[in-house]
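This is final03.csv (CSV, C-alpha atoms).
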```
chain,number,residue,atom,x,y,z
A,10,MET,CA,149.7,117.4,21.3
A,11,THR,CA,148.7,121.0,21.2
A,12,ALA,CA,146.1,122.8,19.1
A,13,THR,CA,147.3,123.8,15.7
A,14,ARG,CA,146.2,127.4,15.8
A,15,GLU,CA,145.2,130.0,18.3
A,16,ILE,CA,141.5,131.0,18.8
A,17,PRO,CA,141.3,134.5,20.4
A,18,GLY,CA,140.1,134.5,24.0
A,19,THR,CA,140.2,130.7,24.1
A,20,LYS,CA,142.6,128.3,25.7
A,21,LEU,CA,142.2,124.6,24.7
A,22,PHE,CA,142.7,122.3,27.7
A,23,ASP,CA,145.3,120.0,26.1
A,24,GLY,CA,148.0,117.8,27.5
A,25,ARG,CA,150.2,120.7,28.4
A,26,MET,CA,147.5,122.3,30.5
A,27,ALA,CA,146.5,118.9,32.0
A,28,ARG,CA,150.0,118.5,33.3
A,29,LYS,CA,150.4,122.0,34.5
A,30,GLY,CA,147.0,122.1,36.2
A,31,TYR,CA,146.9,118.6,37.7
A,32,ALA,CA,147.1,119.5,41.4
A,33,LEU,CA,144.7,122.4,41.1
A,34,ASN,CA,142.2,120.3,39.1
A,35,LYS,CA,142.5,117.4,41.6
A,36,MET,CA,141.7,119.8,44.4
A,37,CYS,CA,138.7,121.1,42.6
A,38,PHE,CA,137.5,117.6,41.7
A,39,SER,CA,137.5,116.8,45.4
A,40,PHE,CA,134.8,119.5,45.8
A,41,ASN,CA,132.3,117.0,44.4
A,42,ASP,CA,132.1,115.9,48.0
A,43,ALA,CA,130.4,118.3,50.5
A,44,ALA,CA,132.7,117.3,53.3
A,45,ASN,CA,135.7,118.5,51.2
A,46,ARG,CA,134.0,121.8,50.5
A,47,GLU,CA,133.6,122.3,54.2
A,48,ALA,CA,137.2,121.3,54.9
A,49,PHE,CA,138.3,123.9,52.3
A,50,LYS,CA,136.2,126.6,53.9
A,51,ALA,CA,137.5,125.8,57.4
A,52,ASP,CA,141.2,125.9,56.5
A,53,GLU,CA,141.9,127.1,53.0
A,54,ASP,CA,145.7,127.3,53.4
A,55,GLY,CA,145.9,123.8,54.8
A,56,TYR,CA,143.6,122.4,52.2
A,57,CYS,CA,145.5,123.9,49.3
A,58,ALA,CA,148.8,122.7,50.8
A,59,SER,CA,147.5,119.2,51.1
A,60,TYR,CA,147.0,119.1,47.3
A,61,GLY,CA,150.5,120.6,46.6
A,62,LEU,CA,149.3,123.7,44.6
A,63,SER,CA,152.0,125.7,43.0
A,64,ALA,CA,152.4,129.3,44.1
A,65,GLU,CA,150.7,130.5,40.9
A,66,GLN,CA,147.7,128.2,41.6
A,67,ARG,CA,147.5,129.2,45.3
A,68,GLU,CA,147.4,132.8,44.3
A,69,ALA,CA,144.7,132.3,41.7
A,70,ILE,CA,142.6,130.4,44.2
A,71,ARG,CA,143.2,133.2,46.7
A,72,ALA,CA,142.2,135.8,44.1
A,73,ARG,CA,139.0,133.8,43.1
A,74,ASN,CA,140.1,134.9,39.6
A,75,VAL,CA,138.9,132.6,36.7
A,76,LEU,CA,141.4,133.8,34.0
A,77,GLN,CA,144.2,133.4,36.5
A,78,LEU,CA,143.0,129.9,37.4
A,79,ILE,CA,142.8,128.9,33.7
A,80,ASP,CA,146.3,130.3,33.1
A,81,ALA,CA,147.4,128.2,36.1
A,82,GLY,CA,146.1,125.0,34.3
A,83,GLY,CA,142.5,125.0,35.7
A,84,ASN,CA,139.9,123.1,33.6
A,85,VAL,CA,136.5,124.8,33.6
A,86,TYR,CA,134.6,121.6,34.5
A,87,TYR,CA,136.6,121.3,37.7
A,88,LEU,CA,136.8,125.1,38.4
A,89,ALA,CA,132.9,125.2,38.3
A,90,LYS,CA,133.0,123.1,41.5
A,91,PHE,CA,135.3,125.6,43.1
A,92,ALA,CA,132.9,128.4,42.1
A,93,GLY,CA,130.0,126.4,43.5
A,94,ILE,CA,131.5,126.8,47.0
A,95,PHE,CA,130.7,130.5,46.7
A,96,GLY,CA,127.4,130.0,45.0
A,97,LEU,CA,128.6,131.4,41.7
A,98,ASP,CA,127.2,130.1,38.4
A,99,VAL,CA,128.6,130.1,34.9
A,100,GLN,CA,127.2,133.6,34.2
A,101,ASP,CA,129.1,135.0,37.2
A,102,LEU,CA,132.2,133.3,35.8
A,103,GLY,CA,131.5,134.7,32.3
A,104,ALA,CA,131.0,138.2,33.6
A,105,GLN,CA,134.3,138.1,35.5
A,106,GLN,CA,136.3,136.8,32.6
A,107,THR,CA,134.9,139.4,30.1
A,108,GLY,CA,135.1,142.3,32.5
A,109,MET,CA,131.4,142.9,32.5
A,110,THR,CA,128.8,143.1,35.3
A,111,LYS,CA,126.6,140.0,35.4
A,112,ASP,CA,123.7,142.1,34.0
A,113,GLN,CA,125.8,143.3,31.1
A,114,PHE,CA,126.9,139.7,30.4
A,115,LYS,CA,123.3,138.5,30.5
A,116,ALA,CA,122.3,141.3,28.1
A,117,LYS,CA,125.0,140.2,25.7
A,118,LEU,CA,123.6,136.7,25.6
A,119,LEU,CA,120.0,138.0,25.1
A,120,ALA,CA,121.2,140.1,22.3
A,121,ALA,CA,122.8,137.1,20.6
A,122,GLY,CA,119.3,135.6,20.3
A,123,ARG,CA,117.9,138.7,18.6
A,124,ASN,CA,120.5,138.8,15.8
B,23,MET,CA,115.8,91.8,17.0
B,24,ALA,CA,115.5,95.1,18.9
B,25,THR,CA,113.9,98.1,17.3
B,26,LEU,CA,115.7,101.5,17.1
B,27,VAL,CA,112.7,103.9,17.3
B,28,GLY,CA,114.7,107.1,16.6
B,29,GLY,CA,116.9,109.7,18.1
B,30,ILE,CA,116.5,112.8,20.3
B,31,THR,CA,119.1,115.5,20.8
B,32,THR,CA,118.9,118.2,23.5
B,33,SER,CA,120.9,120.7,25.4
B,34,HIS,CA,121.7,119.9,29.1
B,35,VAL,CA,122.4,123.3,30.6
B,36,PRO,CA,122.5,123.2,34.5
B,37,ALA,CA,120.1,126.1,34.6
B,38,ILE,CA,117.5,123.8,33.1
B,39,GLY,CA,117.8,121.7,36.3
B,40,ARG,CA,117.4,124.8,38.5
B,41,ALA,CA,114.3,125.8,36.5
B,42,ILE,CA,112.8,122.3,36.9
B,43,ALA,CA,113.6,122.3,40.7
B,44,ARG,CA,111.9,125.7,41.1
B,45,ASN,CA,109.0,124.9,38.7
B,46,LEU,CA,109.9,127.7,36.4
B,47,GLN,CA,109.0,126.0,33.1
B,48,GLY,CA,106.4,128.7,32.4
B,49,ASP,CA,108.7,131.6,33.4
B,50,PRO,CA,109.2,133.9,30.3
B,51,TYR,CA,113.0,133.3,30.4
B,52,PHE,CA,112.7,129.5,30.3
B,53,LYS,CA,109.3,129.0,28.5
B,54,PRO,CA,110.7,129.1,24.9
B,55,PHE,CA,113.0,126.2,25.8
B,56,PHE,CA,110.5,124.1,27.7
B,57,ASP,CA,107.8,124.7,25.0
B,58,GLY,CA,109.9,122.5,22.8
B,59,PHE,CA,109.1,119.4,24.8
B,60,PRO,CA,105.4,118.6,24.6
B,61,ALA,CA,105.9,117.5,21.0
B,62,VAL,CA,108.8,115.3,22.1
B,63,HIS,CA,106.6,113.8,24.8
B,64,ASP,CA,103.8,113.1,22.3
B,65,TRP,CA,106.4,111.3,20.0
B,66,LEU,CA,107.7,109.2,22.9
B,67,ALA,CA,104.1,108.2,23.8
B,68,THR,CA,103.8,106.9,20.2
B,69,VAL,CA,107.1,105.1,19.9
B,70,LYS,CA,107.1,103.7,23.5
B,71,PRO,CA,110.8,103.0,24.0
B,72,ASP,CA,111.8,100.4,26.7
B,73,VAL,CA,115.5,101.5,26.9
B,74,VAL,CA,117.4,104.7,26.3
B,75,VAL,CA,121.0,104.8,25.1
B,76,MET,CA,122.2,108.2,26.4
B,77,ILE,CA,125.2,109.7,24.7
B,78,TYR,CA,126.6,112.4,26.9
B,79,ASN,CA,129.8,114.0,28.2
B,80,ASP,CA,130.8,113.9,31.9
B,81,HIS,CA,131.8,117.3,33.4
B,82,GLY,CA,134.1,116.0,36.1
B,83,LEU,CA,131.7,114.1,38.3
B,84,ASN,CA,132.7,110.5,37.4
B,85,PHE,CA,135.9,111.0,35.4
B,86,PHE,CA,139.0,112.9,36.5
B,87,LEU,CA,142.2,113.7,34.6
B,88,ASP,CA,144.0,110.7,36.1
B,89,LYS,CA,142.1,108.3,33.7
B,90,MET,CA,140.2,109.8,30.9
B,91,PRO,CA,138.5,107.4,28.5
B,92,THR,CA,137.7,108.8,25.1
B,93,PHE,CA,134.6,106.6,24.8
B,94,ALA,CA,133.1,104.9,27.8
B,95,VAL,CA,130.0,102.6,28.1
B,96,GLY,CA,128.2,102.0,31.3
B,97,ALA,CA,127.5,98.4,32.3
B,98,ALA,CA,126.0,98.9,35.8
B,99,ALA,CA,122.8,97.6,37.2
B,100,GLU,CA,122.1,101.1,38.6
B,101,TYR,CA,123.3,104.6,38.1
B,102,ARG,CA,123.1,107.5,40.5
B,103,ASN,CA,123.9,111.2,40.3
B,104,ALA,CA,125.4,113.5,42.9
B,105,ASP,CA,125.3,117.3,43.6
B,106,GLU,CA,128.4,117.9,41.5
B,107,GLY,CA,129.7,120.6,43.9
B,108,TRP,CA,127.2,123.2,42.9
B,109,GLY,CA,124.0,121.8,44.2
B,110,ILE,CA,122.1,119.9,41.5
B,111,PRO,CA,119.3,117.9,43.2
B,112,VAL,CA,119.9,114.2,43.7
B,113,MET,CA,117.5,112.2,41.5
B,114,PRO,CA,115.9,108.8,41.8
B,115,PRO,CA,118.4,106.1,40.7
B,116,PHE,CA,118.4,104.9,37.0
B,117,GLN,CA,118.1,101.2,36.3
B,118,GLY,CA,120.7,99.9,33.8
B,119,GLU,CA,119.8,97.6,30.9
B,120,GLN,CA,122.9,95.4,31.4
B,121,ALA,CA,122.1,93.0,28.6
B,122,LEU,CA,122.2,95.9,26.1
B,123,SER,CA,125.3,97.4,27.8
B,124,TRP,CA,127.3,94.2,27.2
B,125,HIS,CA,126.0,93.7,23.7
B,126,LEU,CA,127.0,97.2,22.9
B,127,ILE,CA,130.5,96.8,24.4
B,128,GLU,CA,131.1,93.5,22.5
B,129,SER,CA,129.6,94.9,19.3
B,130,LEU,CA,131.5,98.2,19.4
B,131,ILE,CA,134.9,96.5,20.2
B,132,GLN,CA,134.2,94.1,17.4
B,133,ASP,CA,133.7,97.2,15.2
B,134,ASP,CA,137.2,98.6,16.3
B,135,PHE,CA,135.9,101.1,18.9
B,136,ASP,CA,138.3,100.3,21.8
B,137,LEU,CA,136.1,101.7,24.6
B,138,THR,CA,136.2,101.6,28.3
B,139,SER,CA,133.5,99.6,30.1
B,140,CYS,CA,132.3,100.9,33.5
B,141,GLN,CA,130.5,98.7,36.0
B,142,GLU,CA,130.4,101.6,38.4
B,143,MET,CA,129.6,105.0,37.1
B,144,LEU,CA,128.1,108.2,38.5
B,145,VAL,CA,126.1,110.1,35.9
B,146,ASP,CA,126.1,113.9,35.8
B,147,HIS,CA,123.7,116.6,34.7
B,148,ALA,CA,124.4,115.9,31.0
B,149,PHE,CA,122.7,112.5,31.6
B,150,THR,CA,120.1,113.4,34.3
B,151,LEU,CA,118.6,116.6,32.9
B,152,PRO,CA,117.7,115.2,29.5
B,153,MET,CA,116.0,112.3,31.5
B,154,ALA,CA,114.1,114.9,33.5
B,155,LEU,CA,113.2,116.8,30.3
B,156,LEU,CA,112.0,113.8,28.4
B,157,TRP,CA,110.2,111.9,31.2
B,158,PRO,CA,109.2,114.7,33.6
B,159,GLY,CA,107.7,114.4,37.0
B,160,GLN,CA,108.9,110.8,37.6
B,161,LYS,CA,109.4,109.2,41.0
B,162,GLU,CA,110.6,106.1,39.1
B,163,TRP,CA,112.0,106.3,35.6
B,164,PRO,CA,109.8,104.5,33.1
B,165,LEU,CA,112.6,102.9,31.1
B,166,LYS,CA,116.0,101.4,31.5
B,167,VAL,CA,119.2,103.1,30.5
B,168,VAL,CA,122.7,102.6,28.9
B,169,PRO,CA,125.1,105.6,29.3
B,170,VAL,CA,127.7,106.2,26.6
B,171,CYS,CA,130.2,108.9,27.5
B,172,ILE,CA,132.4,110.9,25.1
B,173,ASN,CA,135.3,112.9,26.4
B,174,THR,CA,135.0,116.6,25.7
B,175,GLY,CA,136.9,117.9,28.7
B,176,MET,CA,140.5,117.1,27.9
B,177,PHE,CA,142.1,117.4,24.5
B,178,PRO,CA,142.7,115.7,22.2
B,179,LEU,CA,139.0,114.9,21.7
B,180,PRO,CA,137.7,112.3,19.2
B,181,SER,CA,137.1,113.8,15.8
B,182,ALA,CA,133.6,114.7,14.5
B,183,ARG,CA,134.1,111.9,11.9
B,184,ARG,CA,134.9,109.4,14.5
B,185,CYS,CA,131.9,110.3,16.7
B,186,TYR,CA,129.6,110.0,13.7
B,187,GLN,CA,131.2,106.5,13.0
B,188,LEU,CA,130.7,105.6,16.7
B,189,GLY,CA,127.0,106.4,16.3
B,190,GLN,CA,126.8,104.3,13.2
B,191,ALA,CA,128.3,101.4,15.2
B,192,ILE,CA,125.9,102.0,18.1
B,193,GLY,CA,123.0,101.9,15.6
B,194,ARG,CA,124.3,98.5,14.1
B,195,ALA,CA,124.7,97.2,17.7
B,196,ILE,CA,121.1,98.1,18.7
B,197,ARG,CA,119.6,96.7,15.6
B,198,SER,CA,121.5,93.4,16.1
B,199,TRP,CA,120.5,93.0,19.8
B,200,ASP,CA,118.6,89.8,20.2
B,201,SER,CA,115.7,91.3,22.1
B,202,GLU,CA,112.1,92.5,21.5
B,203,GLN,CA,112.8,95.8,23.2
B,204,ARG,CA,112.4,99.2,21.7
B,205,VAL,CA,115.4,101.5,22.0
B,206,VAL,CA,115.7,105.3,21.7
B,207,VAL,CA,119.1,107.0,21.3
B,208,VAL,CA,119.5,110.4,23.0
B,209,GLY,CA,122.4,112.8,22.5
B,210,THR,CA,122.9,115.7,24.9
B,211,GLY,CA,124.9,118.9,24.9
B,212,GLY,CA,125.4,122.0,22.8
B,213,LEU,CA,124.6,124.0,20.9
B,214,SER,CA,127.0,126.9,20.6
B,215,HIS,CA,128.4,128.1,23.9
B,216,GLN,CA,131.7,128.9,25.7
B,217,LEU,CA,132.2,129.1,29.4
B,218,ASP,CA,135.9,129.8,29.7
B,219,GLY,CA,138.3,132.5,28.6
B,220,GLU,CA,137.8,136.1,27.4
B,221,ARG,CA,135.5,134.7,24.7
B,222,ALA,CA,133.1,133.4,27.3
B,223,GLY,CA,129.5,134.0,26.2
B,224,PHE,CA,130.3,133.2,22.5
B,225,ILE,CA,127.2,132.1,20.5
B,226,ASN,CA,126.9,131.3,16.8
B,227,LYS,CA,123.3,131.1,15.7
B,228,ASP,CA,124.1,130.8,11.9
B,229,PHE,CA,126.4,127.8,12.6
B,230,ASP,CA,123.9,126.1,14.9
B,231,LEU,CA,121.0,126.4,12.5
B,232,LYS,CA,123.2,125.1,9.6
B,233,PHE,CA,124.2,122.2,11.9
B,234,MET,CA,120.7,121.3,12.8
B,235,ASP,CA,119.6,121.4,9.2
B,236,SER,CA,122.6,119.2,8.2
B,237,LEU,CA,121.5,116.4,10.5
B,238,VAL,CA,118.4,116.0,8.3
B,239,ASN,CA,119.7,116.9,4.9
B,240,ASP,CA,123.5,116.3,4.9
B,241,PRO,CA,124.3,114.3,8.0
B,242,THR,CA,128.1,114.1,7.5
B,243,TRP,CA,128.4,117.9,6.8
B,244,ALA,CA,129.9,118.6,10.2
B,245,THR,CA,132.4,115.8,9.9
B,246,LYS,CA,134.5,117.9,7.6
B,247,TYR,CA,135.5,120.1,10.5
B,248,SER,CA,138.4,119.5,12.8
B,249,ILE,CA,137.9,119.8,16.6
B,250,THR,CA,139.7,123.1,16.5
B,251,ASP,CA,137.4,124.3,13.7
B,252,LEU,CA,134.4,123.3,15.8
B,253,VAL,CA,135.7,125.1,18.9
B,254,GLU,CA,136.1,128.2,16.8
B,255,LEU,CA,132.7,127.9,15.2
B,256,SER,CA,130.7,126.7,18.2
B,257,GLY,CA,132.7,127.5,21.4
B,258,THR,CA,134.8,125.4,23.8
B,259,GLN,CA,131.6,123.7,25.1
B,260,GLY,CA,129.8,123.9,21.8
B,261,VAL,CA,131.9,120.9,20.7
B,262,GLU,CA,129.3,118.9,22.6
B,263,LEU,CA,127.6,118.8,19.3
B,264,LEU,CA,129.7,115.6,18.9
B,265,MET,CA,126.9,113.9,20.9
B,266,TRP,CA,124.3,115.1,18.4
B,267,LEU,CA,126.5,113.7,15.5
B,268,ALA,CA,126.8,110.3,17.2
B,269,THR,CA,123.1,110.2,17.7
B,270,ARG,CA,122.5,111.1,14.0
B,271,GLY,CA,125.0,108.4,13.0
B,272,ALA,CA,123.0,105.8,14.9
B,273,LEU,CA,120.0,106.4,12.6
B,274,GLY,CA,119.7,105.3,9.0
B,275,GLU,CA,120.9,107.1,5.9
B,276,ARG,CA,117.7,109.1,5.5
B,277,VAL,CA,115.7,110.5,8.4
B,278,ARG,CA,112.6,112.5,8.9
B,279,LYS,CA,112.6,115.5,11.2
B,280,VAL,CA,109.7,115.0,13.7
B,281,HIS,CA,110.4,118.1,15.7
B,282,ALA,CA,113.0,120.8,16.3
B,283,ASN,CA,113.3,123.8,18.6
B,284,TYR,CA,116.1,126.4,19.1
B,285,HIS,CA,116.3,129.2,21.6
B,286,ILE,CA,119.0,131.7,22.7
B,287,PRO,CA,119.9,131.9,25.5
B,288,ILE,CA,119.5,129.5,28.4
B,289,SER,CA,122.2,130.7,30.7
B,290,ASN,CA,125.3,131.0,28.5
B,291,THR,CA,124.0,128.6,25.9
B,292,ALA,CA,122.1,128.4,22.6
B,293,ALA,CA,119.7,125.6,23.5
B,294,GLY,CA,118.4,123.2,20.9
B,295,THR,CA,116.2,120.1,20.7
B,296,MET,CA,115.5,117.7,17.8
B,297,VAL,CA,113.6,114.5,17.3
B,298,LEU,CA,114.6,112.4,14.2
B,299,GLU,CA,113.3,109.1,13.0
B,300,ASN,CA,114.2,106.9,10.2
B,301,ALA,CA,112.5,107.7,6.9
B,302,CYS,CA,110.9,104.7,5.4
```
Write the structure described by the file as structure tokens, please.
Amino acid sequence: MTATREIPGTKLFDGRMARKGYALNKMCFSFNDAANREAFKADEDGYCASYGLSAEQREAIRARNVLQLIDAGGNVYYLAKFAGIFGLDVQDLGAQQTGMTKDQFKAKLLAAGRN
Amino acid sequence: MATLVGGITTSHVPAIGRAIARNLQGDPYFKPFFDGFPAVHDWLATVKPDVVVMIYNDHGLNFFLDKMPTFAVGAAAEYRNADEGWGIPVMPPFQGEQALSWHLIESLIQDDFDLTSCQEMLVDHAFTLPMALLWPGQKEWPLKVVPVCINTGMFPLPSARRCYQLGQAIGRAIRSWDSEQRVVVVGTGGLSHQLDGERAGFINKDFDLKFMDSLVNDPTWATKYSITDLVELSGTQGVELLMWLATRGALGERVRKVHANYHIPISNTAAGTMVLENAC
């Protein structure tokens, strides 16, 4: 089942995305375990290969690009664990996805509170 | 029979955990959020719950896409958290109230909620941070717990109407539990926020304030919206307001607002807190 209408700038993680992103999300789920995060850092190619990532997913991981990762089926809950390897928080991810600096992104959120 | 003392709803943003770990409750950025809690602590000291039923959503610590229950109830003797991949501190373990877990499971299934029971279950920040906010500075938690998890990560999600009804069934189950214990229901998450996509950083103050008001004055107001409507109005993660609706459903028809707080932003989120009790 898919969403009945499009919401701009928003991709609902439905069954289609869950199928497409399974390998990528399974790898990111494994990063709950510190030993797996170390294994990824030690041999990124080998680690990605062991989860059977598609070429699109492998490239999105290589690029550290959140929008590409979402297009490749990534779910933000699991992608957050990938970002955690690099010490990135959800504001870093928000800034990257909206093409802002982190300071600009934070300023946008502060402004939302003043409206 | 057990007593349902009331309900608390609060956001569970990971940044709250970092602020607690670094003792930043008085920092100007975090203070407007943490200032919402002394009144909650005062209320808890008055109503003295023995057990908390915590309605929350897992963010990929316990549940993966291989098996994704829509509704899950914990039935473990003990629950632990883990660092979740991005370094949240590990907390003291939480003691489960297994008698209430199994009473809830039996009662909810009797009530046509075909849930998943979990005798082993890791609890994530959506469970642990509200515990740390409501009962701060604990080496041992002062009450037992029953986790209730609602899927918000993989669509289709349960509807707002269904989550409200789940809460009503949870309320009936607590009030029919053959025990002298006092139970508080806590719902965590929200309010408006979106982490993913070009719309990341979306916040909707008007909707949040209407929603908070509706929990007191028109509790089924939000149940008229579809999940897609709620994503549009409150963001992809703003749908966590489902936990607030379930908590409200557990209370009676009429409630009294004991306390409310709302602040933008904590990290990417409009952060809210409410305490509701049954109006006599």
> Quick one: which residues from chain B are at most 6 Å off chain A, using all atoms listed in the file, as a PyMOL selection string?
Replying inline: chain B and resi 81-82+106-108+176-177+219-222+286
> Which residues come within 9 Å of Trp163 (chain B), counting all atoms listed in the file, excluding same-chain residues fewer than 2 positions away, as a VMD selection string?
Replying inline: chain B and resid 114 to 117 153 157 160 to 161 165 to 166
>> Let me make sure I understand: among A:Lys111, A:Lys29, A:Ala48, A:Asp54, which one has the smallest atom-to-atom distance to Glu68 (chain A) if we use all atoms listed in the file?
In response: A:Asp54
>> Please report the interatomic distance between CA of Val280 (chain B) and CA of Leu188 (chain B) in Å with one decimal.
In response: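 For CA of Val280 (chain B) relative to CA of Leu188 (chain B), the distance reads 23.2 Å.
You will find CA of Asp251 (chain B) at 26.2 Å from CA of Arg276 (chain B).
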> What is the distance, in Å and to one decimal place, between CA of Ala121 (chain B) and CA of Phe93 (chain B)?
Replying inline: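 According to the coordinates, CA of Ala121 (chain B) and CA of Phe93 (chain B) are separated by 18.9 Å.
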> Which one is closest to Glu262 (chain B): B:Lys232, B:His215, B:His285, B:Lys70? Count all atoms listed in the file.
Replying inline: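 Checking each candidate against Glu262 (chain B), we get B:His215 as the closest.
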> What's the 12 Å shell around Trp65 (chain B), counting only C-alpha atoms, without same-chain residues fewer than 2 positions away, as a list of chain:residue names?
Replying inline: B:Val27, B:Gly28, B:Gly29, B:Ile30, B:Phe59, B:Pro60, B:Ala61, B:Val62, B:His63, B:Ala67, B:Thr68, B:Val69, B:Lys70, B:Pro71, B:Leu156, B:Trp157, B:Val206, B:Lys279, B:Val280, B:His281, B:Met296, B:Val297, B:Leu298, B:Glu299
>> Give me the residues near Leu26 (chain B) as a PyMOL selection string, where near means some atom within 12 Å (using all atoms listed in the file) and where sequence neighbours in that chain fewer than 6 positions away do not count.
In response: chain B and resi 69-75+192-199+201-208+269+272-274+298-300
> List as a PyMOL selection string: which residues have an atom within 10 Å of (114.8, 118.5, 41.3), counting only C-alpha atoms?
Replying inline: chain B and resi 39-45+110-114+151+154+159
>> Tell me which residues come within 10 Å of (133.9, 105.3, 25.9), as an MDAnalysis selection string, counting all atoms listed in the file in the file's coordinates.
In response: chainID B and resid 77 79 90:96 127 130 135:140 169:173 188
>> Quick one: residues within 9 Å of Gly209 (chain B), only C-alpha atoms, excluding same-chain residues fewer than 4 positions away - as a list in words?
In response: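 The filter keeps Gly29, Ile30, Thr31, Thr32, Ser33, Val75, Met76, Ile77, Tyr78, Pro152, Leu263, Leu264, Met265, Trp266, Leu267, Ala268, Thr269 and Arg270 of chain B.
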